[in-house]
Every structure is written in C-alpha cells, then in structure tokens.
$ cat query.cif   # mmCIF, C-alpha atoms
data_coords
loop_
_atom_site.label_atom_id
_atom_site.label_comp_id
_atom_site.auth_asym_id
_atom_site.auth_seq_id
_atom_site.Cartn_x
_atom_site.Cartn_y
_atom_site.Cartn_z
CA MET A 1 11.01 -64.67 69.36
CA LYS A 2 12.80 -64.44 66.05
CA LYS A 3 15.39 -67.13 65.44
CA LEU A 4 18.08 -64.45 65.07
CA PHE A 5 17.85 -63.62 68.77
CA MET A 6 17.54 -67.18 70.07
CA PRO A 7 20.46 -68.98 71.78
CA TYR A 8 22.44 -71.39 69.64
CA GLU A 9 24.17 -74.61 70.58
CA LYS A 10 25.78 -77.14 68.27
CA GLY A 11 28.94 -79.21 68.32
CA GLY A 12 30.37 -77.44 71.35
CA LEU A 13 29.54 -73.90 70.18
CA GLN A 14 27.26 -72.20 72.70
CA LEU A 15 26.09 -68.68 71.89
CA LYS A 16 23.57 -66.30 73.46
CA ASN A 17 22.15 -65.46 70.01
CA ARG A 18 22.72 -66.31 66.35
CA ILE A 19 24.28 -63.00 65.41
CA VAL A 20 27.99 -62.86 64.59
CA MET A 21 30.17 -59.78 64.37
CA ALA A 22 32.18 -60.27 61.20
CA PRO A 23 35.95 -59.74 61.07
CA MET A 24 36.86 -56.24 59.89
CA THR A 25 40.32 -54.71 59.48
CA ARG A 26 40.45 -51.43 61.45
CA SER A 27 44.20 -50.66 61.66
CA ARG A 28 44.22 -49.41 65.27
CA ALA A 29 46.96 -51.68 66.63
CA SER A 30 49.90 -49.32 67.07
CA GLY A 31 53.12 -51.26 66.73
CA ASN A 32 50.94 -54.28 65.82
CA LEU A 33 49.91 -54.52 69.49
CA PRO A 34 46.29 -54.73 70.69
CA ASN A 35 45.44 -51.88 73.05
CA GLU A 36 42.78 -50.51 75.39
CA LEU A 37 41.06 -48.66 72.55
CA MET A 38 40.57 -51.98 70.78
CA ALA A 39 39.25 -53.55 73.99
CA THR A 40 36.68 -50.75 74.21
CA TYR A 41 35.68 -51.27 70.56
CA TYR A 42 35.03 -54.99 71.00
CA LYS A 43 33.30 -54.56 74.36
CA GLN A 44 30.92 -52.02 72.81
CA ARG A 45 29.86 -54.67 70.27
CA SER A 46 29.59 -57.64 72.62
CA GLY A 47 25.86 -57.91 72.11
CA ALA A 48 26.79 -60.39 69.38
CA GLY A 49 26.70 -64.05 70.30
CA LEU A 50 30.05 -64.52 68.57
CA ILE A 51 32.68 -61.92 67.69
CA ILE A 52 35.32 -62.75 65.11
CA THR A 53 38.23 -60.33 65.38
CA GLU A 54 39.90 -58.38 62.66
CA GLY A 55 42.51 -60.29 60.69
CA THR A 56 45.49 -60.94 62.95
CA SER A 57 48.83 -62.05 61.61
CA PRO A 58 50.41 -65.31 62.79
CA SER A 59 53.88 -64.00 61.85
CA PRO A 60 55.74 -60.76 61.07
CA GLU A 61 55.71 -61.64 57.34
CA GLY A 62 51.90 -61.67 57.34
CA LEU A 63 51.49 -58.02 58.44
CA GLY A 64 50.59 -56.76 54.98
CA TYR A 65 48.48 -53.78 56.11
CA PRO A 66 49.48 -50.91 58.39
CA ARG A 67 48.73 -51.26 62.13
CA ILE A 68 47.09 -54.68 62.04
CA PRO A 69 47.59 -56.78 65.18
CA GLY A 70 49.69 -59.90 65.53
CA ILE A 71 49.63 -62.95 67.78
CA PHE A 72 53.24 -64.11 67.44
CA SER A 73 54.85 -62.53 70.50
CA ALA A 74 54.41 -62.85 74.25
CA GLU A 75 53.66 -59.13 74.43
CA GLN A 76 50.83 -59.50 71.91
CA VAL A 77 49.36 -62.47 73.78
CA GLU A 78 49.29 -60.46 77.00
CA ALA A 79 47.78 -57.42 75.27
CA TRP A 80 44.94 -59.44 73.71
CA LYS A 81 43.76 -60.50 77.20
CA ALA A 82 42.15 -57.09 77.73
CA VAL A 83 40.01 -57.72 74.64
CA THR A 84 38.96 -61.27 75.49
CA ASN A 85 38.17 -60.36 79.10
CA ALA A 86 36.04 -57.42 78.01
CA VAL A 87 34.01 -59.54 75.59
CA HIS A 88 33.55 -62.44 78.01
CA GLU A 89 32.16 -60.08 80.65
CA SER A 90 29.08 -59.69 78.43
CA GLY A 91 28.63 -63.41 77.89
CA SER A 92 29.81 -63.37 74.28
CA ARG A 93 32.28 -65.69 72.63
CA ILE A 94 35.24 -64.44 70.63
CA PHE A 95 37.36 -66.15 67.97
CA LEU A 96 40.63 -64.70 66.68
CA GLN A 97 40.88 -64.56 62.90
CA LEU A 98 44.32 -65.68 61.71
CA MET A 99 45.10 -63.77 58.52
CA HIS A 100 48.37 -64.06 56.64
CA THR A 101 48.15 -61.52 53.84
CA GLY A 102 50.69 -63.25 51.59
CA ARG A 103 51.07 -61.30 48.34
CA VAL A 104 48.27 -58.87 49.33
CA ALA A 105 50.81 -56.60 50.96
CA HIS A 106 53.30 -53.81 50.55
CA VAL A 107 56.84 -54.03 51.88
CA SER A 108 56.46 -50.67 53.68
CA ASN A 109 53.76 -52.25 55.87
CA LEU A 110 56.13 -55.01 57.01
CA PRO A 111 58.80 -54.81 59.71
CA ASP A 112 62.18 -53.69 58.41
CA GLY A 113 64.14 -56.33 56.51
CA LEU A 114 61.18 -58.57 55.62
CA GLN A 115 59.86 -59.35 52.15
CA VAL A 116 56.36 -59.92 50.86
CA ILE A 117 55.86 -63.67 50.30
CA GLY A 118 53.41 -65.79 48.36
CA MET A 119 52.76 -69.29 47.11
CA SER A 120 54.28 -68.25 43.77
CA ALA A 121 56.09 -65.22 42.41
CA VAL A 122 52.85 -63.83 40.94
CA LYS A 123 52.19 -60.17 41.75
CA ALA A 124 48.66 -59.10 42.64
CA ALA A 125 46.97 -56.54 40.42
CA GLY A 126 45.85 -53.38 42.16
CA GLU A 127 46.84 -51.16 45.04
CA ILE A 128 47.01 -51.39 48.83
CA TYR A 129 46.67 -48.81 51.57
CA THR A 130 49.88 -47.65 53.25
CA ASP A 131 50.50 -44.75 55.60
CA SER A 132 52.07 -42.86 52.69
CA GLY A 133 49.03 -43.46 50.45
CA LEU A 134 47.90 -46.11 48.00
CA GLN A 135 50.70 -48.10 46.38
CA GLU A 136 50.87 -51.06 44.02
CA TYR A 137 51.16 -54.45 45.69
CA SER A 138 54.76 -55.52 46.16
CA TYR A 139 56.20 -58.37 44.11
CA PRO A 140 56.10 -61.54 46.26
CA LEU A 141 58.95 -63.93 46.89
CA ALA A 142 57.78 -67.52 46.25
CA LEU A 143 57.87 -69.71 49.34
CA ASP A 144 60.19 -72.70 49.20
CA ALA A 145 59.51 -75.96 51.06
CA GLU A 146 61.14 -74.65 54.21
CA GLY A 147 59.12 -71.45 53.97
CA ILE A 148 55.84 -73.37 53.69
CA ALA A 149 56.76 -75.48 56.70
CA GLY A 150 57.40 -72.22 58.55
CA VAL A 151 54.00 -70.80 57.57
CA ILE A 152 52.29 -73.92 58.92
CA ARG A 153 54.30 -73.80 62.12
CA ASP A 154 53.55 -70.10 62.58
CA HIS A 155 49.80 -70.69 62.27
CA VAL A 156 49.84 -73.51 64.80
CA ASN A 157 51.88 -71.47 67.27
CA ALA A 158 49.54 -68.51 66.75
CA ALA A 159 46.51 -70.67 67.53
CA VAL A 160 48.12 -71.88 70.75
CA HIS A 161 48.92 -68.25 71.62
CA ALA A 162 45.28 -67.28 70.93
CA ILE A 163 43.98 -69.79 73.45
CA ALA A 164 46.56 -68.54 75.97
CA ALA A 165 45.21 -65.03 75.38
CA GLY A 166 41.70 -66.15 76.31
CA PHE A 167 40.11 -66.63 72.90
CA ASP A 168 37.45 -69.31 72.51
CA GLY A 169 38.93 -70.39 69.20
CA VAL A 170 40.50 -69.26 65.93
CA GLU A 171 39.23 -68.69 62.41
CA LEU A 172 41.54 -69.40 59.48
CA HIS A 173 41.12 -66.72 56.82
CA ALA A 174 41.07 -68.73 53.59
CA ALA A 175 39.12 -66.03 51.74
CA HIS A 176 39.38 -62.59 50.11
CA GLY A 177 42.63 -63.24 48.27
CA TYR A 178 44.91 -63.76 51.27
CA LEU A 179 47.59 -66.43 51.53
CA LEU A 180 45.37 -69.48 52.09
CA GLU A 181 43.07 -68.55 49.22
CA GLN A 182 46.12 -67.78 47.09
CA SER A 183 47.08 -71.43 47.58
CA LEU A 184 43.68 -72.54 46.21
CA ASN A 185 43.71 -70.50 43.00
CA PRO A 186 45.46 -72.16 40.00
CA HIS A 187 46.35 -68.78 38.45
CA VAL A 188 48.07 -67.55 41.61
CA ASN A 189 49.48 -70.88 42.77
CA ASN A 190 51.49 -72.17 39.81
CA ARG A 191 53.67 -74.50 41.87
CA ASN A 192 54.53 -77.97 40.57
CA ASP A 193 55.35 -79.58 43.92
CA THR A 194 53.05 -81.16 46.53
CA TYR A 195 51.38 -77.79 47.19
CA GLY A 196 50.36 -77.00 43.60
CA GLY A 197 48.70 -78.51 40.55
CA SER A 198 45.59 -80.53 41.34
CA ILE A 199 42.76 -79.32 43.57
CA GLY A 200 43.95 -81.68 46.28
CA LYS A 201 47.48 -80.30 46.19
CA ARG A 202 46.33 -76.67 46.12
CA SER A 203 44.11 -77.36 49.14
CA ARG A 204 46.93 -78.99 51.05
CA LEU A 205 48.24 -75.85 52.80
CA THR A 206 44.84 -74.91 54.22
CA LEU A 207 44.04 -78.46 55.25
CA GLU A 208 47.41 -79.12 56.88
CA ILE A 209 47.14 -75.91 58.89
CA ALA A 210 43.56 -76.72 59.94
CA GLU A 211 44.48 -80.27 60.89
CA GLN A 212 47.55 -79.33 62.90
CA ILE A 213 45.73 -76.54 64.71
CA ALA A 214 42.88 -78.94 65.51
CA GLU A 215 45.41 -81.34 66.99
CA ALA A 216 46.98 -78.53 69.03
CA ILE A 217 43.88 -76.81 70.46
CA GLY A 218 40.93 -79.05 69.51
CA ALA A 219 38.78 -79.11 66.37
CA VAL A 220 35.88 -77.50 68.29
CA LYS A 221 38.00 -74.35 68.52
CA VAL A 222 38.70 -74.04 64.78
CA GLY A 223 36.65 -72.29 62.08
CA VAL A 224 37.53 -71.52 58.45
CA ARG A 225 36.39 -68.62 56.30
CA ILE A 226 35.99 -69.09 52.53
CA SER A 227 34.83 -66.90 49.63
CA PRO A 228 34.02 -69.06 46.58
CA PHE A 229 33.90 -67.21 43.23
CA LEU A 230 35.03 -63.90 44.77
CA THR A 231 37.77 -62.02 42.92
CA SER A 232 38.74 -59.40 45.52
CA ASN A 233 42.32 -58.33 46.22
CA GLY A 234 43.51 -59.16 42.73
CA MET A 235 42.28 -62.76 42.65
CA PRO A 236 41.75 -63.92 39.04
CA ALA A 237 38.67 -65.95 38.18
CA TYR A 238 38.99 -69.53 37.01
CA GLU A 239 36.68 -72.15 35.51
CA ALA A 240 33.35 -72.30 37.38
CA TYR A 241 33.29 -76.11 37.54
CA GLU A 242 36.76 -76.10 39.10
CA VAL A 243 35.84 -73.42 41.65
CA HIS A 244 32.78 -75.48 42.60
CA GLU A 245 34.81 -78.67 42.95
CA THR A 246 37.56 -76.91 44.90
CA TYR A 247 35.20 -75.69 47.61
CA LEU A 248 33.14 -78.86 47.67
CA GLN A 249 36.28 -80.92 48.27
CA LEU A 250 37.54 -78.41 50.84
CA ALA A 251 34.24 -78.45 52.75
CA ASP A 252 34.20 -82.24 52.72
CA ARG A 253 37.78 -82.50 54.03
CA LEU A 254 37.22 -79.85 56.69
CA ASN A 255 34.09 -81.70 57.75
CA SER A 256 36.13 -84.87 58.23
CA LEU A 257 38.46 -82.91 60.53
CA GLY A 258 35.48 -81.99 62.70
CA ILE A 259 36.10 -78.23 62.75
CA ILE A 260 33.44 -76.16 64.50
CA TYR A 261 32.27 -73.92 61.66
CA LEU A 262 32.59 -72.87 58.04
CA HIS A 263 32.18 -69.12 57.45
CA ILE A 264 31.04 -68.28 53.92
CA SER A 265 31.65 -64.78 52.56
CA ASN A 266 28.63 -64.59 50.31
CA ASN A 267 28.58 -62.97 46.88
CA PRO A 268 26.18 -63.04 43.91
CA ALA A 269 28.56 -65.10 41.76
CA ILE A 270 28.13 -68.23 43.91
CA PRO A 271 25.67 -70.53 42.13
CA GLU A 272 22.93 -72.19 44.14
CA ARG A 273 24.36 -75.63 43.44
CA THR A 274 27.59 -74.63 45.20
CA HIS A 275 25.68 -73.33 48.22
CA GLN A 276 23.75 -76.59 48.42
CA ALA A 277 26.82 -78.76 47.87
CA ILE A 278 28.71 -77.08 50.73
CA ARG A 279 25.68 -77.33 53.04
CA HIS A 280 25.40 -81.03 52.23
CA ALA A 281 29.13 -81.70 52.67
CA PHE A 282 29.59 -79.84 55.96
CA ASP A 283 27.70 -81.14 58.99
CA ASN A 284 28.66 -78.58 61.60
CA THR A 285 27.80 -74.87 61.89
CA ILE A 286 27.64 -72.72 58.75
CA ILE A 287 27.89 -68.94 59.04
CA TYR A 288 26.89 -66.66 56.17
CA CYS A 289 28.11 -63.07 55.83
CA ASN A 290 27.79 -60.07 53.47
CA GLY A 291 24.85 -57.87 52.58
CA PHE A 292 22.30 -59.14 55.09
CA THR A 293 19.60 -57.10 56.75
CA ALA A 294 17.82 -58.29 59.89
CA GLU A 295 14.97 -59.49 57.66
CA THR A 296 17.05 -61.39 55.11
CA ALA A 297 19.17 -62.86 57.90
CA GLU A 298 16.07 -64.19 59.61
CA ALA A 299 14.86 -65.74 56.36
CA LYS A 300 18.25 -67.42 55.85
CA LEU A 301 18.06 -68.94 59.33
CA GLN A 302 14.46 -70.03 58.89
CA ASP A 303 15.12 -71.90 55.64
CA GLY A 304 18.01 -73.79 57.26
CA SER A 305 20.69 -72.85 54.74
CA ALA A 306 22.63 -71.05 57.49
CA ASP A 307 22.98 -71.56 61.23
CA LEU A 308 24.41 -68.13 62.08
CA ILE A 309 24.54 -64.79 60.26
CA ALA A 310 27.49 -62.40 60.43
CA PHE A 311 27.18 -58.64 60.04
CA GLY A 312 30.11 -56.35 59.25
CA ARG A 313 29.35 -52.74 58.35
CA SER A 314 26.27 -52.77 60.57
CA PHE A 315 28.45 -53.50 63.62
CA LEU A 316 31.14 -51.11 62.42
CA ALA A 317 28.83 -48.08 62.82
CA ASN A 318 26.43 -49.43 65.45
CA PRO A 319 27.92 -50.65 68.73
CA ASP A 320 24.33 -51.36 69.84
CA PHE A 321 23.36 -53.12 66.61
CA ILE A 322 21.42 -55.87 68.42
CA ALA A 323 19.28 -53.37 70.35
CA ARG A 324 18.63 -51.34 67.21
CA ILE A 325 17.33 -54.23 65.15
CA GLN A 326 15.28 -55.55 68.07
CA LYS A 327 13.57 -52.14 68.35
CA ASN A 328 13.49 -51.56 64.58
CA GLU A 329 15.54 -48.36 64.97
CA ILE A 330 17.47 -46.57 62.23
CA LEU A 331 21.11 -47.64 61.88
CA ASN A 332 24.08 -45.26 61.90
CA GLU A 333 25.98 -44.94 58.62
CA PRO A 334 29.70 -45.83 58.62
CA LYS A 335 32.32 -43.07 58.29
CA TYR A 336 34.32 -44.55 55.44
CA ASN A 337 37.09 -41.95 55.57
CA THR A 338 38.08 -43.12 59.08
CA LEU A 339 37.94 -46.89 58.56
CA TYR A 340 41.71 -47.32 58.83
CA THR A 341 42.90 -44.14 60.53
CA PRO A 342 44.46 -44.21 64.03
CA GLY A 343 42.43 -43.14 67.05
CA GLU A 344 38.87 -43.28 68.31
CA VAL A 345 37.23 -41.15 65.59
CA GLY A 346 35.09 -43.41 63.44
CA TYR A 347 35.95 -46.31 65.72
CA THR A 348 34.60 -46.06 69.26
CA ASP A 349 32.68 -42.76 68.98
CA TYR A 350 29.52 -43.90 67.15
CA PRO A 351 26.34 -42.88 69.02
CA VAL A 352 24.17 -45.44 70.80
CA LEU A 353 20.49 -45.43 71.72
CA ASN A 354 19.50 -43.97 75.07
#
$ encode --input "query.cif" --output "structure tokens"
Amino acid sequence: MKKLFMPYEKGGLQLKNRIVMAPMTRSRASGNLPNELMATYYKQRSGAGLIITEGTSPSPEGLGYPRIPGIFSAEQVEAWKAVTNAVHESGSRIFLQLMHTGRVAHVSNLPDGLQVIGMSAVKAAGEIYTDSGLQEYSYPLALDAEGIAGVIRDHVNAAVHAIAAGFDGVELHAAHGYLLEQSLNPHVNNRNDTYGGSIGKRSRLTLEIAEQIAEAIGAVKVGVRISPFLTSNGMPAYEAYEVHETYLQLADRLNSLGIIYLHISNNPAIPERTHQAIRHAFDNTIIYCNGFTAETAEAKLQDGSADLIAFGRSFLANPDFIARIQKNEILNEPKYNTLYTPGEVGYTDYPVLN
C-alpha cells in the first residue's frame, strides 16, 4: 500500500490516512453561521484523514471576507456541531482554522460599526471580494496594547469554543498575509513596542497566542500554518536571510511549546535550506500543501520531508478525491466562478464516482 493511504500516528495525532483536506474559504456561512449545507460539504469530503476547515474568525473584527464563519458566539458553537458530528461519523479528524484577516479586509464585510484593524496603520495593496464587487482593501486602524491583548484573548476563547463544538483541535493561520503573518513582516509591522522590531518581538503575537491556547486546550490540539517567502494578499517581500531566520526561530519556539503540527504552505520561492532548517527544528508532524499530485505527494512522504500532505483544489471539486486517486480516475475541474457564491452550486453538487 502506498504511504499516502496508510494510517498515521504521532504525538497524539491519529489519522486513518495521511491525506489532509486543506483549509479553503468558501463563503457559505450566511450571517457568519455554519449551516447544514456546510455540514454536507465537509461530510462529502471526510475520506481525508484530517480536515482543516475554512478560515474561521475568532472575533467580529476578523470577518474580513463576506459570509465566512465565526466561532465567537454560543450560536456559532452550537451550529458547528453539525459539521464535527458529520465528519466524525466517517472516522476522520477535523481541526478548526482560526483566521483573523487583520488588514486583509474591507469594512463592508464587517458587522456594522466595526473597523478594519492591523498591527500597524499600513494599508494592503490590492483588492478584496465583497458582495458589491472587488474593492480596495480598507485602511487599517493600528492596534494599541489593549487591542493586542484583546486579539490574544479572542483567539484563546475561540479555541475553547472550538473544542466545545466538537473539533479535535485548532490551526492558527499565520500565513497568506493575514493578521498573524502581518505581525511577522517588518514592512507591515512597523511597531516600536514589544510586538515590533526584532524577529523575536514580531513573532511574539503568534507565539503568545499559541502558548495560551496550548495551556487552555492542550498543545496536542494546536497546529500552526505558515507560508515563508509568499507575498500573497499584499504582503511585501523582505530580505531572504531575515525571512529564513524568522521561520527558523518560529519553528524552534513552536517546537518547544509541543504543538501537534506545523502546516507549510509551499511555494517555489522557499529555498531548500529553509525547508531543511524547519524540518530539523520541528520534531512533531509537518504537513505540506500546494500543488501536489498523488504522485508527488507520495514522493514527499517517502523521502521523509513531510509527514502528511494537504490537498485543496482537488478536494474542492472532488468530494470522493481519495477514491479517485486510489483508482487512478480523472479528477473533476473546479468551477472558479462559484468559489465564493452562496448556495450549493459549485459547492456540494460536484459529481462522484458510481
């Protein structure tokens, strides 16, 4: 049997196979509430050993996209139970991705009266999807000390809520230009207090959140997603040696906290020395994602540089992705014009094998 389909067990993580469904924003949570349509979507894809949900906001201020779910209210906690129950029925595990969009947001996507916030008052370049069309990112209000304390508190409370909703753990989204990665980047985080300046200070927000969540729900229920060298969502590049050192130090510190996994959003700009340094620094499970086929995923597992492989677009269009790659069947192509539209079209209506 190929390694991809073999069970996996390490550090408290027990999975029926080594295939992960990657987190993907789908914008189906009307009123920011999970619903039965979402439960159907995740159940359809529960062939994966581990499912990581779409980015879910720990607070109202983090709802930067239209119709993304939250985990900050009792109603949301109760609604998520339909999703976790559906996935667990198939023997899969499911982690909730906590995603605070920070400056990657538009004010029209937030509840009335709230402002877009960020580590600094540095506006992102580019545009964001809203229900009235693409619009430039809103100008963020820089968080003060009290605001940062609130962000940390919100993440910890959200993690506790996630466990109450039946999730097996949470993933902190410190990638793709969202708030936690904004804190790591010296061109976006220009603070001169204890959360800005040196690599250690810029890493402090992510590490404090990870540590406090680990204390609240257990380190074996905490993963972190990172995207070294990626410049998506308006993230400016910075010196390669500093990027390398930032993620090496972050991996080392997260390793000392004993978190269950590190999820790397792969991209061609990451040099091999950074891959190797992170693998050496982090003892627990490493997940790789982005651009893998069944064949390249298997090779990555065989050479030991990854423990699990996450697939995104393949799961988006193929509820039965596991069965298709086991039988070497052709994969459905995603319907890109319905990625973020309400309803079941392009969401739960993809065909499956007989």
$ residues_around --input "query.cif" --residues "A:Ser183" --least-positions-apart "3" --cutoff "6 Å" --atoms "all atoms listed in the file" --output "list in words"
Leu180, Asn189 and Arg202 of chain A
$ write_last_selection --input "query.cif" --atoms "C-alpha atoms" --output "PDB file, in the coordinates of the input"
ATOM      1  CA  LEU A 180      45.370 -69.480  52.090  1.00  0.00           C
ATOM      2  CA  ASN A 189      49.480 -70.880  42.770  1.00  0.00           C
ATOM      3  CA  ARG A 202      46.330 -76.670  46.120  1.00  0.00           C
TER       4      ARG A 202
END
$ atom_distance --input "query.cif" --atom1 "atom CA of A:Val156" --atom2 "atom CA of A:Ala281"
25.4 Å
$ residues_around --input "query.cif" --residues "A:Val151" --least-positions-apart "6" --cutoff "12 Å" --atoms "all atoms listed in the file" --output "ChimeraX atom specification"
/A:57-62,72,98-102,117-119,143-145,157-158,179-180,205-206,208-209,212
$ closest_residue --input "query.cif" --among "A:Thr341, A:Ser256, A:Thr285, A:Asn233" --to "A:Lys10" --atoms "all atoms listed in the file"
A:Thr285
$ closest_residue --input "query.cif" --among "A:Leu33, A:Ala251, A:Ala237, A:Ala299" --to "A:Ile278" --atoms "only C-alpha atoms"
A:Ala251
$ resolve_selection --input "query.cif" --expression "the PyMOL selection byres ((chain A and resi 115) around 8)" --output "list in words"
Glu61, Val107, Leu110, Gly113, Leu114, Val116, Ile117, Pro140 and Leu141 of chain A
$ resolve_selection --input "query.cif" --expression "the PyMOL selection byres ((chain A and resi 79-85) around 6)" --output "ChimeraX atom specification"
/A:34,39,76-78,86-88,165-166
$ residues_around --input "query.cif" --residues "stretch 243-245 of chain A" --least-positions-apart "3" --cutoff "12 Å" --atoms "only C-alpha atoms" --output "short mmCIF file (atom, residue, chain, number, x, y, z; two decimals) with C-alpha atoms, in the coordinates of the input"
data_model
loop_
_atom_site.label_atom_id
_atom_site.label_comp_id
_atom_site.auth_asym_id
_atom_site.auth_seq_id
_atom_site.Cartn_x
_atom_site.Cartn_y
_atom_site.Cartn_z
CA GLU A 181 43.07 -68.55 49.22
CA LEU A 184 43.68 -72.54 46.21
CA ASN A 185 43.71 -70.50 43.00
CA PRO A 186 45.46 -72.16 40.00
CA HIS A 187 46.35 -68.78 38.45
CA SER A 198 45.59 -80.53 41.34
CA ILE A 199 42.76 -79.32 43.57
CA GLY A 200 43.95 -81.68 46.28
CA ARG A 202 46.33 -76.67 46.12
CA SER A 203 44.11 -77.36 49.14
CA ILE A 226 35.99 -69.09 52.53
CA SER A 227 34.83 -66.90 49.63
CA PRO A 228 34.02 -69.06 46.58
CA PHE A 229 33.90 -67.21 43.23
CA LEU A 230 35.03 -63.90 44.77
CA THR A 231 37.77 -62.02 42.92
CA PRO A 236 41.75 -63.92 39.04
CA ALA A 237 38.67 -65.95 38.18
CA TYR A 238 38.99 -69.53 37.01
CA GLU A 239 36.68 -72.15 35.51
CA ALA A 240 33.35 -72.30 37.38
CA LEU A 248 33.14 -78.86 47.67
CA GLN A 249 36.28 -80.92 48.27
CA LEU A 250 37.54 -78.41 50.84
CA ALA A 251 34.24 -78.45 52.75
CA ASP A 252 34.20 -82.24 52.72
CA ALA A 269 28.56 -65.10 41.76
CA ILE A 270 28.13 -68.23 43.91
CA PRO A 271 25.67 -70.53 42.13
CA GLU A 272 22.93 -72.19 44.14
CA ARG A 273 24.36 -75.63 43.44
CA THR A 274 27.59 -74.63 45.20
CA HIS A 275 25.68 -73.33 48.22
CA GLN A 276 23.75 -76.59 48.42
CA ALA A 277 26.82 -78.76 47.87
CA ILE A 278 28.71 -77.08 50.73
CA ALA A 281 29.13 -81.70 52.67
#
$ residues_around --input "query.cif" --residues "A:Leu207" --least-positions-apart "3" --cutoff "8 Å" --atoms "all atoms listed in the file" --output "list in words"
Ser203, Arg204, Ala210, Glu211, Leu250, Arg253 and Leu254 of chain A
$ atom_distance --input "query.cif" --atom1 "atom CA of A:Arg313" --atom2 "atom CA of A:Leu15"
21.2 Å
$ closest_residue --input "query.cif" --among "A:Thr53, A:Gln44, A:Asn354, A:Ser30" --to "A:Ile94" --atoms "only C-alpha atoms"
A:Thr53
$ closest_residue --input "query.cif" --among "A:Asn332, A:Ser120, A:Gln182, A:Thr296" --to "A:Met235" --atoms "only C-alpha atoms"
A:Gln182
$ resolve_selection --input "query.cif" --expression "the PyMOL selection byres ((chain A and resi 225) around 9)" --output "ChimeraX atom specification"
/A:97,171-175,223-224,226-227,261-265,287
$ atom_distance --input "query.cif" --atom1 "atom CA of A:Ala105" --atom2 "atom CA of A:His176"
12.9 Å
$ build_atoms --input "query.cif" --residues "stretch 275-295 of chain A" --atoms "N, CA and C atoms" --output "CSV table (one decimal), in the frame of the given file"
chain,number,residue,atom,x,y,z
A,275,HIS,N,26.2,-73.5,46.9
A,275,HIS,CA,25.7,-73.3,48.2
A,275,HIS,C,25.2,-74.7,48.8
A,276,GLN,N,24.4,-75.3,48.0
A,276,GLN,CA,23.8,-76.6,48.4
A,276,GLN,C,24.8,-77.7,48.6
A,277,ALA,N,25.8,-77.7,47.8
A,277,ALA,CA,26.8,-78.8,47.9
A,277,ALA,C,27.6,-78.6,49.2
A,278,ILE,N,28.0,-77.3,49.5
A,278,ILE,CA,28.7,-77.1,50.7
A,278,ILE,C,27.9,-77.4,51.9
A,279,ARG,N,26.6,-77.0,51.9
A,279,ARG,CA,25.7,-77.3,53.0
A,279,ARG,C,25.6,-78.8,53.2
A,280,HIS,N,25.5,-79.6,52.1
A,280,HIS,CA,25.4,-81.0,52.2
A,280,HIS,C,26.7,-81.7,52.7
A,281,ALA,N,27.8,-81.1,52.3
A,281,ALA,CA,29.1,-81.7,52.7
A,281,ALA,C,29.6,-81.4,54.1
A,282,PHE,N,29.1,-80.3,54.7
A,282,PHE,CA,29.6,-79.8,56.0
A,282,PHE,C,28.5,-80.0,57.0
A,283,ASP,N,28.7,-80.8,58.0
A,283,ASP,CA,27.7,-81.1,59.0
A,283,ASP,C,27.6,-80.1,60.1
A,284,ASN,N,28.7,-79.4,60.4
A,284,ASN,CA,28.7,-78.6,61.6
A,284,ASN,C,28.1,-77.2,61.2
A,285,THR,N,28.4,-76.2,62.0
A,285,THR,CA,27.8,-74.9,61.9
A,285,THR,C,28.3,-74.2,60.6
A,286,ILE,N,27.3,-73.6,59.9
A,286,ILE,CA,27.6,-72.7,58.8
A,286,ILE,C,27.2,-71.3,59.0
A,287,ILE,N,28.1,-70.4,58.9
A,287,ILE,CA,27.9,-68.9,59.0
A,287,ILE,C,27.9,-68.3,57.7
A,288,TYR,N,26.9,-67.4,57.4
A,288,TYR,CA,26.9,-66.7,56.2
A,288,TYR,C,27.1,-65.2,56.5
A,289,CYS,N,27.8,-64.5,55.6
A,289,CYS,CA,28.1,-63.1,55.8
A,289,CYS,C,28.0,-62.3,54.5
A,290,ASN,N,27.7,-61.0,54.6
A,290,ASN,CA,27.8,-60.1,53.5
A,290,ASN,C,26.4,-59.7,53.0
A,291,GLY,N,26.0,-58.4,53.2
A,291,GLY,CA,24.8,-57.9,52.6
A,291,GLY,C,23.5,-58.2,53.2
A,292,PHE,N,23.5,-58.8,54.4
A,292,PHE,CA,22.3,-59.1,55.1
A,292,PHE,C,21.7,-58.0,55.9
A,293,THR,N,20.4,-57.9,55.8
A,293,THR,CA,19.6,-57.1,56.8
A,293,THR,C,19.0,-58.0,57.8
A,294,ALA,N,18.4,-57.4,58.9
A,294,ALA,CA,17.8,-58.3,59.9
A,294,ALA,C,16.8,-59.2,59.3
A,295,GLU,N,16.0,-58.7,58.3
A,295,GLU,CA,15.0,-59.5,57.7
A,295,GLU,C,15.5,-60.6,56.8
